[in-house]
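Below is the file structure04.pdb, which contains PDB, C-alpha atoms.
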MODEL        1
ATOM      1  CA  MET S   1       8.873 -13.389  42.008
ATOM      2  CA  ASP S   2       9.409 -13.138  45.772
ATOM      3  CA  ALA S   3      10.932  -9.676  45.416
ATOM      4  CA  VAL S   4       8.006  -8.511  43.276
ATOM      5  CA  ALA S   5       5.494  -9.812  45.811
ATOM      6  CA  GLU S   6       7.347  -8.111  48.645
ATOM      7  CA  ALA S   7       7.651  -4.808  46.780
ATOM      8  CA  ALA S   8       3.952  -4.908  45.891
ATOM      9  CA  GLY S   9       2.945  -5.802  49.429
ATOM     10  CA  VAL S  10       1.098  -8.942  48.348
ATOM     11  CA  GLY S  11       1.574 -12.641  48.890
ATOM     12  CA  ILE S  12       3.632 -14.691  46.470
ATOM     13  CA  GLY S  13       0.508 -16.646  45.520
ATOM     14  CA  THR S  14      -1.099 -13.439  44.252
ATOM     15  CA  VAL S  15       1.869 -12.794  41.981
ATOM     16  CA  TYR S  16       1.788 -16.351  40.630
ATOM     17  CA  ARG S  17      -1.981 -16.239  40.074
ATOM     18  CA  ARG S  18      -1.660 -12.977  38.153
ATOM     19  CA  PHE S  19       1.432 -13.782  36.044
ATOM     20  CA  GLY S  20       1.832 -17.572  36.193
ATOM     21  CA  ASP S  21       5.615 -17.552  36.186
ATOM     22  CA  LEU S  22       8.640 -15.339  35.649
ATOM     23  CA  ALA S  23       8.100 -15.300  31.872
ATOM     24  CA  GLY S  24       4.536 -14.046  32.366
ATOM     25  CA  LEU S  25       5.756 -11.288  34.663
ATOM     26  CA  ALA S  26       8.452 -10.348  32.152
ATOM     27  CA  TYR S  27       5.894 -10.064  29.349
ATOM     28  CA  ALA S  28       3.727  -7.825  31.509
ATOM     29  CA  LEU S  29       6.727  -5.564  32.090
ATOM     30  CA  ILE S  30       7.558  -5.233  28.386
ATOM     31  CA  ASP S  31       3.976  -4.889  27.154
ATOM     32  CA  GLU S  32       4.155  -1.120  26.679
ATOM     33  CA  SER S  33       7.456  -1.207  24.816
ATOM     34  CA  GLU S  34       6.188  -4.103  22.688
ATOM     35  CA  GLN S  35       3.146  -2.081  21.679
ATOM     36  CA  ALA S  36       5.337   0.914  20.795
ATOM     37  CA  PHE S  37       7.624  -1.311  18.710
ATOM     38  CA  GLN S  38       4.657  -2.833  16.869
ATOM     39  CA  ASP S  39       3.218   0.610  16.190
ATOM     40  CA  ALA S  40       6.571   1.722  14.770
ATOM     41  CA  PHE S  41       6.882  -1.108  12.245
ATOM     42  CA  LEU S  42       3.187  -1.190  11.351
ATOM     43  CA  HIS S  43       2.405   2.530  11.188
ATOM     44  CA  GLY S  44       5.570   4.533  11.823
ATOM     45  CA  PRO S  45       7.711   6.434   9.383
ATOM     46  CA  PRO S  46       9.927   4.655   6.867
ATOM     47  CA  PRO S  47      12.201   2.845   6.693
ATOM     48  CA  LEU S  48      10.862   0.862   9.697
ATOM     49  CA  GLY S  49       7.269   1.689   8.891
ATOM     50  CA  PRO S  50       5.391   1.506   5.576
ATOM     51  CA  GLY S  51       6.599   3.433   2.564
ATOM     52  CA  ALA S  52      10.137   2.101   2.191
ATOM     53  CA  PRO S  53      11.220  -0.800  -0.037
ATOM     54  CA  PRO S  54      10.826  -4.168   1.751
ATOM     55  CA  ARG S  55      14.597  -4.785   1.788
ATOM     56  CA  ASP S  56      15.143  -1.467   3.619
ATOM     57  CA  ARG S  57      12.283  -2.216   5.985
ATOM     58  CA  LEU S  58      13.738  -5.641   6.793
ATOM     59  CA  HIS S  59      17.124  -4.160   7.705
ATOM     60  CA  ALA S  60      15.453  -1.354   9.687
ATOM     61  CA  TYR S  61      13.323  -3.886  11.569
ATOM     62  CA  VAL S  62      16.334  -6.002  12.512
ATOM     63  CA  HIS S  63      18.298  -2.919  13.625
ATOM     64  CA  ALA S  64      15.375  -1.621  15.684
ATOM     65  CA  TYR S  65      14.946  -5.013  17.323
ATOM     66  CA  VAL S  66      18.652  -5.193  18.179
ATOM     67  CA  ASP S  67      18.361  -1.733  19.752
ATOM     68  CA  ARG S  68      15.416  -3.026  21.746
ATOM     69  CA  LEU S  69      17.443  -6.048  22.810
ATOM     70  CA  ASP S  70      20.257  -3.760  23.890
ATOM     71  CA  ALA S  71      17.850  -1.890  26.155
ATOM     72  CA  GLN S  72      15.793  -4.860  27.396
ATOM     73  CA  ALA S  73      17.785  -8.061  26.844
ATOM     74  CA  GLN S  74      17.516  -9.276  30.428
ATOM     75  CA  ILE S  75      13.755  -9.013  30.533
ATOM     76  CA  LEU S  76      13.295 -10.363  26.994
ATOM     77  CA  ALA S  77      15.473 -13.336  27.941
ATOM     78  CA  ALA S  78      13.344 -13.910  31.048
ATOM     79  CA  ALA S  79      10.221 -13.820  28.871
ATOM     80  CA  GLN S  80      11.647 -16.282  26.359
ATOM     81  CA  ASP S  81       9.991 -19.383  27.847
ATOM     82  CA  ARG S  82       6.658 -18.022  26.587
ATOM     83  CA  ARG S  83       7.939 -16.306  23.484
ATOM     84  CA  TYR S  84       6.350 -18.622  20.923
ATOM     85  CA  GLU S  85       2.927 -18.489  22.616
ATOM     86  CA  THR S  86       2.480 -14.747  22.348
ATOM     87  CA  GLY S  87       0.620 -12.647  19.865
ATOM     88  CA  ALA S  88       3.690 -10.402  19.703
ATOM     89  CA  TYR S  89       5.834 -13.254  18.379
ATOM     90  CA  ARG S  90       3.180 -14.282  15.852
ATOM     91  CA  LEU S  91       2.906 -10.684  14.611
ATOM     92  CA  GLN S  92       6.692 -10.373  14.316
ATOM     93  CA  GLN S  93       6.819 -13.670  12.429
ATOM     94  CA  ARG S  94       4.068 -12.559  10.033
ATOM     95  CA  HIS S  95       5.741  -9.195   9.480
ATOM     96  CA  LEU S  96       9.124 -10.731   8.671
ATOM     97  CA  THR S  97       7.479 -13.367   6.455
ATOM     98  CA  HIS S  98       5.627 -10.646   4.547
ATOM     99  CA  LEU S  99       8.755  -8.532   4.025
ATOM    100  CA  ILE S 100      10.824 -11.500   2.848
ATOM    101  CA  SER S 101       8.120 -12.689   0.454
ATOM    102  CA  GLU S 102       7.868  -9.167  -0.994
ATOM    103  CA  ILE S 103      11.627  -9.156  -1.581
ATOM    104  CA  ASP S 104      11.643 -12.534  -3.345
ATOM    105  CA  ALA S 105       8.551 -14.715  -3.652
ATOM    106  CA  SER S 106      10.704 -17.765  -4.447
ATOM    107  CA  LEU S 107      12.220 -17.782  -0.934
ATOM    108  CA  ASP S 108      10.771 -19.860   1.894
ATOM    109  CA  ALA S 109       9.800 -16.678   3.702
ATOM    110  CA  GLU S 110       8.217 -18.404   6.689
ATOM    111  CA  ALA S 111      11.281 -20.529   7.445
ATOM    112  CA  LEU S 112      13.645 -17.607   6.954
ATOM    113  CA  ALA S 113      11.514 -15.372   9.186
ATOM    114  CA  ALA S 114      11.613 -18.000  11.928
ATOM    115  CA  ALA S 115      15.411 -18.231  11.632
ATOM    116  CA  ILE S 116      15.785 -14.450  11.819
ATOM    117  CA  ASN S 117      13.466 -14.355  14.829
ATOM    118  CA  GLU S 118      15.694 -16.885  16.587
ATOM    119  CA  LEU S 119      18.702 -14.658  16.030
ATOM    120  CA  LEU S 120      16.732 -11.878  17.730
ATOM    121  CA  SER S 121      16.116 -13.745  20.972
ATOM    122  CA  GLY S 122      17.066 -12.207  24.285
ATOM    123  CA  ARG S 123      19.143 -15.183  25.370
ATOM    124  CA  PHE S 124      21.126 -15.281  22.133
ATOM    125  CA  PHE S 125      21.727 -11.526  22.290
ATOM    126  CA  LEU S 126      23.046 -11.829  25.856
ATOM    127  CA  HIS S 127      25.304 -14.677  24.746
ATOM    128  CA  GLN S 128      26.709 -12.572  21.935
ATOM    129  CA  ARG S 129      27.287  -9.570  24.205
ATOM    130  CA  ARG S 130      28.523 -11.271  27.381
ATOM    131  CA  ILE S 131      30.205 -14.481  26.254
ATOM    132  CA  ARG S 132      31.358 -13.496  22.763
ATOM    133  CA  GLY S 133      32.040  -9.840  23.668
ATOM    134  CA  MET S 134      30.342  -8.521  20.538
ATOM    135  CA  SER S 135      29.282  -4.893  20.290
ATOM    136  CA  VAL S 136      25.787  -3.911  19.219
ATOM    137  CA  GLU S 137      27.286  -2.490  16.020
ATOM    138  CA  ARG S 138      29.012  -5.792  15.242
ATOM    139  CA  ILE S 139      25.796  -7.740  15.855
ATOM    140  CA  LYS S 140      23.910  -5.431  13.493
ATOM    141  CA  ALA S 141      26.632  -5.683  10.849
ATOM    142  CA  GLY S 142      26.589  -9.480  11.030
ATOM    143  CA  LEU S 143      22.822  -9.558  10.704
ATOM    144  CA  ASP S 144      23.029  -7.178   7.741
ATOM    145  CA  GLN S 145      25.499  -9.539   6.039
ATOM    146  CA  LEU S 146      23.169 -12.457   6.693
ATOM    147  CA  LEU S 147      20.147 -10.570   5.345
ATOM    148  CA  ARG S 148      22.049  -9.559   2.198
ATOM    149  CA  GLY S 149      22.999 -13.198   1.714
ATOM    150  CA  ILE S 150      19.375 -14.244   1.981
ATOM    151  CA  THR S 151      17.734 -11.473   0.002
ATOM    152  CA  GLY S 152      20.455 -10.379  -2.402
TER     153      GLY S 152
ENDMDL
END
Step by step, read the file and then write its structure as structure tokens.
Amino acid sequence: MDAVAEAAGVGIGTVYRRFGDLAGLAYALIDESEQAFQDAFLHGPPPLGPGAPPRDRLHAYVHAYVDRLDAQAQILAAAQDRRYETGAYRLQQRHLTHLISEIDASLDAEALAAAINELLSGRFFLHQRRIRGMSVERIKAGLDQLLRGITG
């Protein structure tokens, strides 16, 4: 926060008043990419966007989110303290819930969506990459196996 204030030529209090904390600043920095991601899964071409079977859309969503994590994991991890409070998280949760319920209405889609969302957290992704040494491809493959186990 100090570095941001210095680079912007403002006092640290101004930065804290505007963003609240590091998580708030992180969310401001990813706002544009979040909007682009939302547009892609809500209105973009299949399989991420409408028009593909829900199972294909679910896998495409998870892959696209992992790609996003690969590009922005540090900042998404910094934003994680506010993750559950954001409209972005609620929209992602609703989208996953909807896809899962379309695949199989007998599943507890809301609980499964929340579990999948946890696996797509910035901190967990960094743990997998840095501590476990997993490649992005391996992370995607593991998530695909998990999704197939859930949805058949």
With distances taken over all atoms listed in the file, the candidate from S:Gly87, S:Asp56, S:Asp2, S:Asp81 nearest Gln38 in chain S is S:Gly87
Given the PyMOL selection byres ((chain S and resi 124-135) around 9), the residues it picks as a PyMOL selection string: chain S and resi 66+69-70+73-74+77+118-123+136-140
Can I get the selected residues back with C-alpha atoms, as an mmCIF file, in the coordinates of the input?
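Printed below is result.cif as written:
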data_model
loop_
_atom_site.group_PDB
_atom_site.id
_atom_site.type_symbol
_atom_site.label_atom_id
_atom_site.label_comp_id
_atom_site.auth_asym_id
_atom_site.auth_seq_id
_atom_site.Cartn_x
_atom_site.Cartn_y
_atom_site.Cartn_z
ATOM 1 C CA VAL S 66 18.652 -5.193 18.179
ATOM 2 C CA LEU S 69 17.443 -6.048 22.810
ATOM 3 C CA ASP S 70 20.257 -3.760 23.890
ATOM 4 C CA ALA S 73 17.785 -8.061 26.844
ATOM 5 C CA GLN S 74 17.516 -9.276 30.428
ATOM 6 C CA ALA S 77 15.473 -13.336 27.941
ATOM 7 C CA GLU S 118 15.694 -16.885 16.587
ATOM 8 C CA LEU S 119 18.702 -14.658 16.030
ATOM 9 C CA LEU S 120 16.732 -11.878 17.730
ATOM 10 C CA SER S 121 16.116 -13.745 20.972
ATOM 11 C CA GLY S 122 17.066 -12.207 24.285
ATOM 12 C CA ARG S 123 19.143 -15.183 25.370
ATOM 13 C CA VAL S 136 25.787 -3.911 19.219
ATOM 14 C CA GLU S 137 27.286 -2.490 16.020
ATOM 15 C CA ARG S 138 29.012 -5.792 15.242
ATOM 16 C CA ILE S 139 25.796 -7.740 15.855
ATOM 17 C CA LYS S 140 23.910 -5.431 13.493
#
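Atom to atom, CA of Ser106 in chain S and CA of Leu147 in chain S stand 15.4 Å apart.
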Evaluating the PyMOL selection byres ((chain S and resi 151) around 8) on the displayed file yields which residues, as a PDB file with C-alpha atoms, in the coordinates of the input?
ATOM      1  CA  ARG S  55      14.597  -4.785   1.788  1.00  0.00           C
ATOM      2  CA  ILE S 100      10.824 -11.500   2.848  1.00  0.00           C
ATOM      3  CA  ILE S 103      11.627  -9.156  -1.581  1.00  0.00           C
ATOM      4  CA  ASP S 104      11.643 -12.534  -3.345  1.00  0.00           C
ATOM      5  CA  LEU S 147      20.147 -10.570   5.345  1.00  0.00           C
ATOM      6  CA  ARG S 148      22.049  -9.559   2.198  1.00  0.00           C
ATOM      7  CA  GLY S 149      22.999 -13.198   1.714  1.00  0.00           C
ATOM      8  CA  ILE S 150      19.375 -14.244   1.981  1.00  0.00           C
ATOM      9  CA  GLY S 152      20.455 -10.379  -2.402  1.00  0.00           C
TER      10      GLY S 152
END
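Here CA of Leu58 in chain S and CA of Arg90 in chain S stand 16.4 Å from one another.
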Fill-in result for range 79-111 of chain S, N, CA and C atoms as a short mmCIF file (atom, residue, chain, number, x, y, z; two decimals), in the frame of the given file:
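Saved result, rebuild.cif, follows:
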data_model
loop_
_atom_site.label_atom_id
_atom_site.label_comp_id
_atom_site.auth_asym_id
_atom_site.auth_seq_id
_atom_site.Cartn_x
_atom_site.Cartn_y
_atom_site.Cartn_z
N ALA S 79 11.53 -13.56 29.49
CA ALA S 79 10.22 -13.82 28.87
C ALA S 79 10.29 -14.94 27.83
N GLN S 80 11.47 -15.38 27.49
CA GLN S 80 11.65 -16.28 26.36
C GLN S 80 10.91 -17.61 26.49
N ASP S 81 10.68 -18.10 27.70
CA ASP S 81 9.99 -19.38 27.85
C ASP S 81 8.57 -19.34 27.28
N ARG S 82 8.00 -18.16 27.16
CA ARG S 82 6.66 -18.02 26.59
C ARG S 82 6.67 -17.36 25.22
N ARG S 83 7.81 -17.11 24.70
CA ARG S 83 7.94 -16.31 23.48
C ARG S 83 7.05 -16.79 22.35
N TYR S 84 7.07 -18.09 22.09
CA TYR S 84 6.35 -18.62 20.92
C TYR S 84 4.83 -18.64 21.10
N GLU S 85 4.37 -18.46 22.32
CA GLU S 85 2.93 -18.49 22.62
C GLU S 85 2.26 -17.13 22.46
N THR S 86 3.04 -16.09 22.28
CA THR S 86 2.48 -14.75 22.35
C THR S 86 2.02 -14.22 21.00
N GLY S 87 1.06 -13.34 21.06
CA GLY S 87 0.62 -12.65 19.86
C GLY S 87 1.73 -11.78 19.29
N ALA S 88 2.58 -11.24 20.16
CA ALA S 88 3.69 -10.40 19.70
C ALA S 88 4.61 -11.21 18.79
N TYR S 89 4.95 -12.41 19.20
CA TYR S 89 5.83 -13.25 18.38
C TYR S 89 5.16 -13.59 17.05
N ARG S 90 3.89 -13.94 17.09
CA ARG S 90 3.18 -14.28 15.85
C ARG S 90 3.13 -13.08 14.90
N LEU S 91 2.92 -11.88 15.45
CA LEU S 91 2.91 -10.68 14.61
C LEU S 91 4.29 -10.43 14.02
N GLN S 92 5.33 -10.56 14.81
CA GLN S 92 6.69 -10.37 14.32
C GLN S 92 7.00 -11.39 13.21
N GLN S 93 6.60 -12.62 13.42
CA GLN S 93 6.82 -13.67 12.43
C GLN S 93 6.09 -13.34 11.13
N ARG S 94 4.83 -12.92 11.23
CA ARG S 94 4.07 -12.56 10.03
C ARG S 94 4.70 -11.36 9.30
N HIS S 95 5.14 -10.38 10.09
CA HIS S 95 5.74 -9.20 9.48
C HIS S 95 7.01 -9.56 8.72
N LEU S 96 7.90 -10.32 9.35
CA LEU S 96 9.12 -10.73 8.67
C LEU S 96 8.82 -11.59 7.44
N THR S 97 7.87 -12.51 7.58
CA THR S 97 7.48 -13.37 6.46
C THR S 97 6.99 -12.51 5.28
N HIS S 98 6.16 -11.53 5.59
CA HIS S 98 5.63 -10.65 4.55
C HIS S 98 6.75 -9.87 3.85
N LEU S 99 7.66 -9.30 4.63
CA LEU S 99 8.76 -8.53 4.03
C LEU S 99 9.62 -9.41 3.13
N ILE S 100 9.97 -10.59 3.62
CA ILE S 100 10.82 -11.50 2.85
C ILE S 100 10.12 -11.94 1.57
N SER S 101 8.84 -12.25 1.66
CA SER S 101 8.12 -12.69 0.45
C SER S 101 7.98 -11.55 -0.55
N GLU S 102 7.90 -10.31 -0.07
CA GLU S 102 7.87 -9.17 -0.99
C GLU S 102 9.21 -8.98 -1.69
N ILE S 103 10.29 -9.29 -1.00
CA ILE S 103 11.63 -9.16 -1.58
C ILE S 103 11.84 -10.20 -2.68
N ASP S 104 11.45 -11.45 -2.38
CA ASP S 104 11.64 -12.53 -3.34
C ASP S 104 10.64 -13.64 -3.04
N ALA S 105 9.63 -13.75 -3.87
CA ALA S 105 8.55 -14.72 -3.65
C ALA S 105 9.02 -16.16 -3.75
N SER S 106 10.21 -16.39 -4.32
CA SER S 106 10.70 -17.76 -4.45
C SER S 106 11.36 -18.27 -3.15
N LEU S 107 11.60 -17.38 -2.21
CA LEU S 107 12.22 -17.78 -0.93
C LEU S 107 11.19 -18.44 -0.03
N ASP S 108 11.65 -19.30 0.86
CA ASP S 108 10.77 -19.86 1.89
C ASP S 108 10.70 -18.82 3.02
N ALA S 109 9.86 -17.84 2.82
CA ALA S 109 9.80 -16.68 3.70
C ALA S 109 9.47 -17.06 5.14
N GLU S 110 8.60 -18.01 5.33
CA GLU S 110 8.22 -18.40 6.69
C GLU S 110 9.39 -19.02 7.44
N ALA S 111 10.12 -19.90 6.80
CA ALA S 111 11.28 -20.53 7.44
C ALA S 111 12.38 -19.51 7.71
#
